[in-house]
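Containing mmCIF, C-alpha atoms: final35.cif.
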data_entry
#
loop_
_atom_site.label_atom_id
_atom_site.label_comp_id
_atom_site.auth_asym_id
_atom_site.auth_seq_id
_atom_site.Cartn_x
_atom_site.Cartn_y
_atom_site.Cartn_z
CA PRO A 34 113.26 35.69 134.44
CA HIS A 35 114.47 37.71 137.43
CA TYR A 36 116.56 40.09 135.33
CA MET A 37 113.48 41.16 133.32
CA GLU A 38 111.46 41.92 136.46
CA ALA A 39 114.16 44.07 138.04
CA ALA A 40 113.38 47.74 138.52
CA ALA A 41 116.57 48.85 136.80
CA PRO A 42 116.38 48.73 132.97
CA ALA A 43 118.42 46.01 131.30
CA SER A 44 121.75 47.04 129.84
CA PRO A 45 122.47 46.50 126.13
CA GLN A 46 124.91 43.75 127.09
CA GLU A 47 122.25 41.96 129.16
CA VAL A 48 119.92 42.07 126.17
CA LEU A 49 122.63 40.78 123.83
CA ASP A 50 123.45 37.92 126.22
CA ASN A 51 119.77 36.90 126.39
CA PHE A 52 118.57 38.27 123.06
CA GLU A 53 116.00 35.62 122.15
CA THR A 54 114.36 35.71 125.57
CA PHE A 55 114.08 39.48 125.44
CA ALA A 56 112.80 39.41 121.85
CA ARG A 57 109.92 37.12 122.83
CA SER A 58 108.65 39.36 125.64
CA PRO A 59 106.61 42.57 125.23
CA GLN A 60 108.98 44.72 127.31
CA GLY A 61 112.11 43.22 125.81
CA ALA A 62 110.82 43.51 122.25
CA HIS A 63 109.98 47.16 122.83
CA LEU A 64 113.46 47.80 124.19
CA ILE A 65 115.09 46.15 121.16
CA CYS A 66 112.86 47.92 118.64
CA GLU A 67 113.82 51.28 120.14
CA SER A 68 117.55 50.62 119.79
CA PRO A 69 119.21 50.65 116.33
CA VAL A 70 122.30 49.09 117.91
CA LEU A 71 120.35 46.12 119.25
CA LEU A 72 118.45 45.71 115.97
CA ARG A 73 121.70 45.66 113.99
CA SER A 74 123.00 42.91 116.25
CA ILE A 75 120.55 40.53 114.56
CA GLU A 76 122.60 40.76 111.38
CA GLN A 77 125.73 40.29 113.43
CA GLY A 78 124.49 36.95 114.72
CA SER A 79 122.53 37.56 117.93
CA LEU A 80 119.75 35.32 116.57
CA ARG A 81 121.87 33.13 114.31
CA GLY A 82 119.81 30.15 113.17
CA ARG A 83 116.85 31.18 115.33
CA ILE A 84 115.22 33.98 113.31
CA ALA A 85 112.49 31.76 111.85
CA GLN A 86 111.61 30.44 115.32
CA VAL A 87 111.51 33.93 116.81
CA CYS A 88 109.22 35.09 113.97
CA ARG A 89 106.54 32.69 115.21
CA ASN A 90 106.24 34.67 118.41
CA GLU A 91 104.12 37.82 118.36
CA HIS A 92 106.80 40.03 119.92
CA GLY A 93 109.68 38.29 118.20
CA SER A 94 108.03 38.86 114.83
CA ALA A 95 107.75 42.57 115.64
CA VAL A 96 111.48 42.66 116.44
CA VAL A 97 112.44 40.99 113.15
CA GLN A 98 110.12 43.30 111.20
CA ALA A 99 111.69 46.33 112.89
CA HIS A 100 115.14 45.03 111.99
CA LEU A 101 114.13 44.54 108.35
CA ASN A 102 112.69 48.04 108.12
CA THR A 103 115.54 49.80 109.95
CA ASP A 104 118.46 48.94 107.69
CA ARG A 105 117.60 47.19 104.44
CA ALA A 106 121.25 46.83 103.48
CA MET A 107 121.96 44.94 106.71
CA ALA A 108 119.00 42.55 106.55
CA SER A 109 120.44 39.76 104.41
CA ARG A 110 120.83 37.26 107.28
CA ALA A 111 117.21 37.67 108.35
CA ILE A 112 115.96 37.40 104.76
CA GLU A 113 118.06 34.26 104.21
CA GLU A 114 116.73 32.49 107.30
CA ILE A 115 113.13 33.52 106.54
CA THR A 116 113.51 32.25 102.97
CA HIS A 117 114.57 28.78 104.11
CA ASP A 118 111.40 28.44 106.21
CA VAL A 119 109.10 30.65 104.16
CA LEU A 120 106.33 28.09 103.58
CA ASP A 121 105.73 27.37 107.26
CA LEU A 122 106.20 30.99 108.27
CA SER A 123 103.66 32.10 105.68
CA ARG A 124 101.06 29.89 107.35
CA ASP A 125 101.82 31.25 110.82
CA SER A 126 99.82 34.18 112.24
CA ASN A 127 102.98 36.01 113.32
CA GLY A 128 105.43 34.58 110.81
CA CYS A 129 103.37 35.76 107.83
CA ARG A 130 103.96 39.37 108.90
CA ALA A 131 107.71 38.88 108.97
CA VAL A 132 107.59 37.25 105.53
CA GLN A 133 105.69 40.25 104.13
CA ALA A 134 108.25 42.62 105.66
CA ALA A 135 111.06 40.55 104.10
CA ILE A 136 109.41 40.72 100.68
CA ASP A 137 109.12 44.50 101.03
CA VAL A 138 112.85 45.02 101.62
CA ALA A 139 114.43 42.12 99.73
CA SER A 140 116.36 42.62 96.51
CA VAL A 141 114.99 41.32 93.21
CA TYR A 142 117.30 38.30 93.48
CA GLN A 143 116.26 37.58 97.10
CA ARG A 144 112.57 37.81 96.20
CA LYS A 145 113.09 35.48 93.25
CA ARG A 146 114.70 32.88 95.53
CA MET A 147 112.00 33.22 98.17
CA VAL A 148 109.06 32.81 95.81
CA GLN A 149 110.43 29.56 94.34
CA TYR A 150 109.40 27.80 97.55
CA PHE A 151 105.76 28.56 96.70
CA ARG A 152 105.75 26.56 93.45
CA GLY A 153 103.16 23.81 93.62
CA HIS A 154 101.63 25.28 96.80
CA VAL A 155 99.97 28.45 95.52
CA ARG A 156 96.35 27.28 95.73
CA SER A 157 96.69 26.03 99.32
CA LEU A 158 98.47 29.24 100.33
CA VAL A 159 95.79 31.40 98.71
CA GLU A 160 93.09 29.62 100.70
CA HIS A 161 95.00 29.92 103.99
CA LEU A 162 93.93 32.42 106.64
CA HIS A 163 97.42 33.92 106.96
CA ALA A 164 99.35 32.86 103.86
CA ASN A 165 96.96 34.59 101.47
CA PHE A 166 98.41 37.93 102.60
CA VAL A 167 101.89 36.75 101.62
CA ILE A 168 100.70 35.81 98.12
CA GLN A 169 99.03 39.20 97.78
CA ARG A 170 102.29 40.90 98.74
CA CYS A 171 104.21 38.85 96.16
CA ILE A 172 101.79 39.90 93.43
CA GLU A 173 102.03 43.56 94.48
CA LYS A 174 105.82 43.74 94.86
CA MET A 175 107.33 41.27 92.42
CA THR A 176 107.80 41.29 88.66
CA LEU A 177 105.28 39.57 86.41
CA SER A 178 107.89 37.08 85.19
CA ASP A 179 108.63 35.97 88.76
CA THR A 180 104.98 35.49 89.76
CA GLU A 181 103.51 34.23 86.49
CA PHE A 182 103.64 30.64 87.79
CA MET A 183 101.14 31.71 90.47
CA LEU A 184 98.75 32.85 87.75
CA GLN A 185 99.15 29.50 85.98
CA GLU A 186 98.46 27.52 89.16
CA LEU A 187 95.30 29.53 89.82
CA SER A 188 93.90 29.69 86.28
CA HIS A 189 92.43 26.19 86.16
CA ASP A 190 89.52 26.70 88.57
CA SER A 191 89.25 30.43 89.17
CA GLY A 192 85.45 30.18 89.15
CA SER A 193 85.46 28.37 92.51
CA LEU A 194 88.38 30.47 93.74
CA ALA A 195 86.26 33.60 93.23
CA LYS A 196 83.80 32.23 95.81
CA HIS A 197 86.51 31.75 98.43
CA PRO A 198 86.83 34.44 101.14
CA TYR A 199 90.60 34.74 100.54
CA GLY A 200 90.71 33.58 96.94
CA CYS A 201 88.52 36.47 95.83
CA ARG A 202 91.16 38.88 97.19
CA ILE A 203 93.92 37.21 95.21
CA LEU A 204 91.96 37.39 91.96
CA GLN A 205 91.43 41.10 92.52
CA ARG A 206 95.18 41.63 93.01
CA LEU A 207 95.86 39.67 89.81
CA PHE A 208 93.44 41.91 87.88
CA GLU A 209 95.30 44.95 89.19
CA HIS A 210 98.83 43.78 88.31
CA PHE A 211 98.61 41.52 85.26
CA GLY A 212 97.76 42.45 81.69
CA PRO A 213 94.83 41.16 79.58
CA GLU A 214 97.00 38.61 77.76
CA GLN A 215 97.96 36.84 80.98
CA LEU A 216 94.41 36.99 82.41
CA VAL A 217 92.52 35.42 79.52
CA LYS A 218 91.95 32.07 81.27
CA ILE A 219 90.77 33.67 84.51
CA HIS A 220 88.47 36.13 82.72
CA THR A 221 87.00 33.24 80.73
CA GLN A 222 86.24 31.35 83.95
CA VAL A 223 84.68 34.38 85.64
CA VAL A 224 82.49 35.13 82.61
CA LYS A 225 81.48 31.47 82.33
CA HIS A 226 80.31 31.42 85.96
CA ARG A 227 79.03 35.01 86.04
CA LEU A 228 75.45 34.20 87.08
CA PRO A 229 76.30 32.45 90.38
CA LEU A 230 79.28 34.73 91.03
CA ILE A 231 77.19 37.90 90.78
CA GLN A 232 74.97 36.53 93.56
CA ASP A 233 77.77 35.14 95.71
CA LYS A 234 78.98 36.65 98.98
CA TYR A 235 82.57 36.82 97.72
CA GLY A 236 82.21 36.29 93.98
CA ASN A 237 80.34 39.57 93.55
CA TYR A 238 83.53 41.47 94.43
CA VAL A 239 85.43 39.65 91.69
CA VAL A 240 82.77 40.52 89.10
CA GLN A 241 82.81 44.16 90.25
CA HIS A 242 86.58 44.20 89.79
CA VAL A 243 86.26 42.74 86.30
CA LEU A 244 83.77 45.47 85.38
CA GLU A 245 85.99 48.20 86.82
CA HIS A 246 89.32 47.25 85.22
CA ARG A 247 90.27 47.80 81.61
CA THR A 248 92.07 44.47 81.30
CA VAL A 249 88.84 42.70 80.31
CA SER A 250 87.79 42.34 76.67
CA PRO A 251 84.67 44.25 75.51
CA ASP A 252 82.96 40.93 74.73
CA SER A 253 83.50 39.65 78.28
CA LYS A 254 82.17 42.86 79.81
CA MET A 255 79.17 42.80 77.48
CA ALA A 256 78.37 39.23 78.51
CA ILE A 257 78.27 40.34 82.16
CA LEU A 258 76.19 43.45 81.38
CA THR A 259 73.71 41.33 79.42
CA THR A 260 73.27 38.94 82.36
CA ILE A 261 72.72 41.92 84.67
CA ARG A 262 70.12 43.47 82.35
CA GLU A 263 68.25 40.18 81.94
CA ASN A 264 67.96 39.84 85.74
CA ILE A 265 68.03 43.48 86.76
CA ILE A 266 64.94 43.53 89.04
CA THR A 267 65.92 40.30 90.78
CA PHE A 268 69.52 41.41 91.17
CA ALA A 269 68.50 44.87 92.39
CA THR A 270 66.83 43.32 95.45
CA HIS A 271 69.60 40.80 96.13
CA LYS A 272 72.00 41.51 99.01
CA PHE A 273 75.14 40.82 96.94
CA ALA A 274 74.04 41.12 93.32
CA SER A 275 72.73 44.65 93.92
CA ASN A 276 76.33 45.76 94.54
CA VAL A 277 77.26 44.50 91.08
CA VAL A 278 74.31 46.33 89.48
CA GLU A 279 75.33 49.60 91.13
CA ARG A 280 78.99 49.19 90.20
CA ALA A 281 78.07 48.29 86.61
CA ILE A 282 75.94 51.43 86.23
CA ALA A 283 78.67 53.60 87.74
CA THR A 284 81.65 52.18 85.80
CA ALA A 285 80.27 51.12 82.39
CA ASP A 286 81.04 53.22 79.33
CA GLU A 287 78.20 55.37 77.98
CA PRO A 288 76.65 52.71 75.70
CA GLY A 289 76.88 50.08 78.45
CA ARG A 290 75.34 52.38 81.04
CA ARG A 291 72.51 53.33 78.69
CA TYR A 292 71.91 49.64 77.98
CA LEU A 293 71.57 48.82 81.70
CA ILE A 294 69.34 51.75 82.61
CA ASP A 295 67.11 51.04 79.60
CA GLY A 296 66.71 47.56 81.04
CA LEU A 297 65.48 49.09 84.28
CA VAL A 298 63.10 51.48 82.49
CA GLU A 299 61.75 48.70 80.28
CA SER A 300 61.38 46.12 83.07
CA HIS A 301 58.11 44.28 83.55
CA GLN A 302 55.02 46.01 84.93
CA GLY A 303 55.55 46.82 88.60
CA GLY A 304 59.22 45.79 88.55
CA LEU A 305 60.82 49.20 88.76
CA GLU A 306 58.07 50.46 91.07
CA SER A 307 58.69 47.61 93.52
CA LEU A 308 62.26 48.82 94.06
CA VAL A 309 61.30 52.28 95.34
CA ASP A 310 60.52 51.23 98.91
CA HIS A 311 62.78 48.18 98.98
CA LYS A 312 65.63 48.36 101.52
CA ILE A 313 68.18 47.28 98.87
CA GLY A 314 66.49 48.03 95.56
CA ASN A 315 66.06 51.74 96.27
CA PHE A 316 69.83 52.21 96.00
CA VAL A 317 69.82 50.85 92.44
CA VAL A 318 67.06 53.30 91.46
CA GLN A 319 69.04 56.16 93.03
CA ARG A 320 72.16 55.11 91.13
CA ALA A 321 70.18 54.94 87.86
CA LEU A 322 68.79 58.45 88.40
CA GLU A 323 72.31 59.69 89.14
CA TYR A 324 73.88 58.34 85.94
CA ALA A 325 70.96 58.31 83.47
CA THR A 326 70.84 60.56 80.42
CA PRO A 327 68.23 63.38 80.55
CA GLU A 328 65.94 61.31 78.31
CA GLN A 329 66.31 58.25 80.52
CA LYS A 330 65.67 60.29 83.68
CA LYS A 331 62.37 61.48 82.19
CA ARG A 332 61.38 57.91 81.33
CA LEU A 333 62.27 56.73 84.84
CA ALA A 334 60.23 59.56 86.35
CA ASP A 335 57.27 58.77 84.12
CA ARG A 336 57.30 55.13 85.26
CA LEU A 337 57.41 56.19 88.88
CA ARG A 338 54.45 58.60 88.63
CA VAL A 339 52.12 55.71 89.50
CA ILE A 340 53.38 56.19 93.07
CA PRO A 341 52.00 59.45 94.55
CA ILE A 342 54.90 61.70 95.50
CA GLY A 343 53.43 62.20 98.97
CA GLU A 344 53.34 58.47 99.53
CA MET A 345 56.90 58.17 98.29
CA LYS A 346 58.08 60.93 100.63
CA ASN A 347 56.52 59.21 103.61
CA SER A 348 58.00 55.80 102.90
CA ARG A 349 61.11 54.60 104.70
CA TYR A 350 63.27 54.13 101.61
CA GLY A 351 61.28 55.82 98.87
CA LYS A 352 61.85 59.24 100.43
CA HIS A 353 65.42 59.21 99.07
CA ILE A 354 64.16 58.68 95.52
CA ALA A 355 61.48 61.35 95.99
CA SER A 356 64.23 63.76 97.03
CA GLN A 357 66.22 63.00 93.86
CA LEU A 358 63.14 63.42 91.66
CA GLU A 359 62.38 66.78 93.26
CA LYS A 360 65.96 68.02 92.85
CA GLN A 361 65.89 67.08 89.19
CA GLY A 362 62.51 68.78 88.62
CA PHE A 363 60.40 65.66 88.05
CA ALA A 364 58.22 65.74 91.18
#
Serialized structure, structure tokens:
Amino acid sequence: PHYMEAAAPASPQEVLDNFETFARSPQGAHLICESPVLLRSIEQGSLRGRIAQVCRNEHGSAVVQAHLNTDRAMASRAIEEITHDVLDLSRDSNGCRAVQAAIDVASVYQRKRMVQYFRGHVRSLVEHLHANFVIQRCIEKMTLSDTEFMLQELSHDSGSLAKHPYGCRILQRLFEHFGPEQLVKIHTQVVKHRLPLIQDKYGNYVVQHVLEHRTVSPDSKMAILTTIRENIITFATHKFASNVVERAIATADEPGRRYLIDGLVESHQGGLESLVDHKIGNFVVQRALEYATPEQKKRLADRLRVIPIGEMKNSRYGKHIASQLEKQGFA
């Protein structure tokens, strides 16, 4: 429009008279975001009935987010309009950002109303490119009683969800915010499918999270540690499973850590040695040397003596292990 291309800056009244047009443009959105008066006009009706539509625009979404963050007490109109269209907005690349901002500033009652629209849709939202961020924000910001239905909708097939690029993120948020009683079904699924998950591009992150958090029962953790020990050489050279081996060694309690490192020391002939100059496996050996007990370090060093230290120093990956052995007085 001609009035937006004019050299003279637009007056507040011009912006108010053409608020939606300005909000959808980069220059106009910047002008509105810099003015508390113009932002407050949203609550006074300058976008009445149009907030959800404006949120679908990149610049309009930024304006609504700025309004929500400027004066929480004056954001009820925006929250109300977003709530009525929250499902579609959550699936929109720009709208999902406005929904997250609304969740951040909404009252407990407003959040409770908003999240009701997600009932029966949680799985599809979790697997959506944009909506998964909204579900994560709900889990992070809302009470357990208000989001427990999400847990119930996701508990039936969490094994496959753990392999999903967005689903794995949601499971990690659930582990962080729910207690062991609520997570029993999900933990059971993860433990049941632990072998493929450990080796999966996304599932390995879920297993790492299970090992790291205290919400998992000792029996469940032990089942995972046992699977790792039984496959420790194979896993140590696997692009994704090796991450789980390293995390398990670093986060297990003392008996669990000893159990894993003993598995490495007692591996088949040539197994441990093959990891020294492996581009992935060498990191597992380094992690074992870092966390092993003095007795285990000696046993690891004894196994590795079949490789001349000079040869190890000159190898591309083995040189890092040679350096650790020297520092610890085993070379």
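Restricting the calculation to all atoms listed in the file, the smallest distance between Arg262 (chain A) and any of A:Asp295, A:Asp335, A:Glu245, A:Glu279 is found for A:Asp295.
Checking A:Gln185, A:Asn102, A:Thr260, A:Gln77 one by one against Val277 (chain A), counting only C-alpha atoms, you find the shortest gap at A:Thr260.
The gap separating CA of Met175 (chain A) from CA of Tyr142 (chain A) is 10.5 Å, in Å to one decimal.
Across the model, the gap from CA of Ile112 (chain A) to CA of Ser44 (chain A) is 27.5 Å.
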Q | Distance in Å - CA of Lys234 (chain A) versus CA of Thr267 (chain A) | A | 15.8 Å
Q | Long-range neighbours of Leu305 (chain A) as JSON, numbers by chain, 10 Å cut-off, only C-alpha atoms, 6 positions minimum in chain | A | {"A": [265, 266, 269, 296, 297, 298, 299, 314, 315, 317, 318, 333, 336, 337]}
Residues matched by the PyMOL selection byres ((chain A and resi 126-140) around 6) as a PDB file with C-alpha atoms, in the frame of the given file:
ATOM      1  CA  CYS A  88     109.220  35.090 113.970  1.00  0.00           C
ATOM      2  CA  ARG A  89     106.540  32.690 115.210  1.00  0.00           C
ATOM      3  CA  GLU A  91     104.120  37.820 118.360  1.00  0.00           C
ATOM      4  CA  SER A  94     108.030  38.860 114.830  1.00  0.00           C
ATOM      5  CA  GLN A  98     110.120  43.300 111.200  1.00  0.00           C
ATOM      6  CA  ARG A 105     117.600  47.190 104.440  1.00  0.00           C
ATOM      7  CA  ILE A 112     115.960  37.400 104.760  1.00  0.00           C
ATOM      8  CA  LEU A 122     106.200  30.990 108.270  1.00  0.00           C
ATOM      9  CA  SER A 123     103.660  32.100 105.680  1.00  0.00           C
ATOM     10  CA  ASP A 125     101.820  31.250 110.820  1.00  0.00           C
ATOM     11  CA  VAL A 141     114.990  41.320  93.210  1.00  0.00           C
ATOM     12  CA  TYR A 142     117.300  38.300  93.480  1.00  0.00           C
ATOM     13  CA  GLN A 143     116.260  37.580  97.100  1.00  0.00           C
ATOM     14  CA  ARG A 144     112.570  37.810  96.200  1.00  0.00           C
ATOM     15  CA  HIS A 163      97.420  33.920 106.960  1.00  0.00           C
ATOM     16  CA  VAL A 167     101.890  36.750 101.620  1.00  0.00           C
TER      17      VAL A 167
END
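Once the PyMOL selection byres ((chain A and resi 119) around 9) is applied to the depicted file, the selected set reads Ala85, Glu114, Ile115, Thr116, His117, Asp118, Leu120, Asp121, Leu122, Ser123, Arg124, Gly128, Cys129, Val132, Met147, Val148, Tyr150 and Phe151 of chain A.
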Q.
Running the PyMOL selection byres ((chain A and resi 213) around 12) on this model by hand, what would come out? Give it as a ChimeraX atom specification.
A. /A:207-212,214-221,243,246-251,253
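Nearest to Met345 (chain A) of all the residues A:Gln46, A:Asn237, A:Gln329, A:Ser307 is A:Ser307, counting only C-alpha atoms.
Comparing the minimum interatomic distances between Gly78 (chain A) and each of A:Glu160, A:Glu323, A:Glu186, A:Asp50, counting only C-alpha atoms, we find that A:Asp50 sits nearest.
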(Q) For a quick check of understanding, using only C-alpha atoms, which of A:Ser74, A:Ser58, A:Asn264, A:Thr259 has the smallest distance to Gly289 (chain A)? (A) A:Thr259
Taking (103.7, 27.1, 91.0) in the file's coordinates, which residues come within 7 Å, counting all atoms listed in the file, written as a compact mmCIF listing (two decimals) with C-alpha atoms, in the frame of the given file?
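For reference, result.txt as written:
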# COMPACT_ATOMS: atom_id res chain seq x y z
CA PHE A 151 105.76 28.56 96.70
CA ARG A 152 105.75 26.56 93.45
CA GLY A 153 103.16 23.81 93.62
CA HIS A 154 101.63 25.28 96.80
CA VAL A 155 99.97 28.45 95.52
CA PHE A 182 103.64 30.64 87.79
CA MET A 183 101.14 31.71 90.47
CA GLU A 186 98.46 27.52 89.16
Q. Using only C-alpha atoms, can you list as a ChimeraX atom specification the residues within 10 Å of (87.5, 34.8, 92.5)?
A. /A:187,190-205,219-220,222-223,230,235-240,242
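Counting all atoms listed in the file, the residue from A:Lys145, A:Arg206, A:His226, A:His271 that sits nearest to Glu173 (chain A) is A:Arg206.
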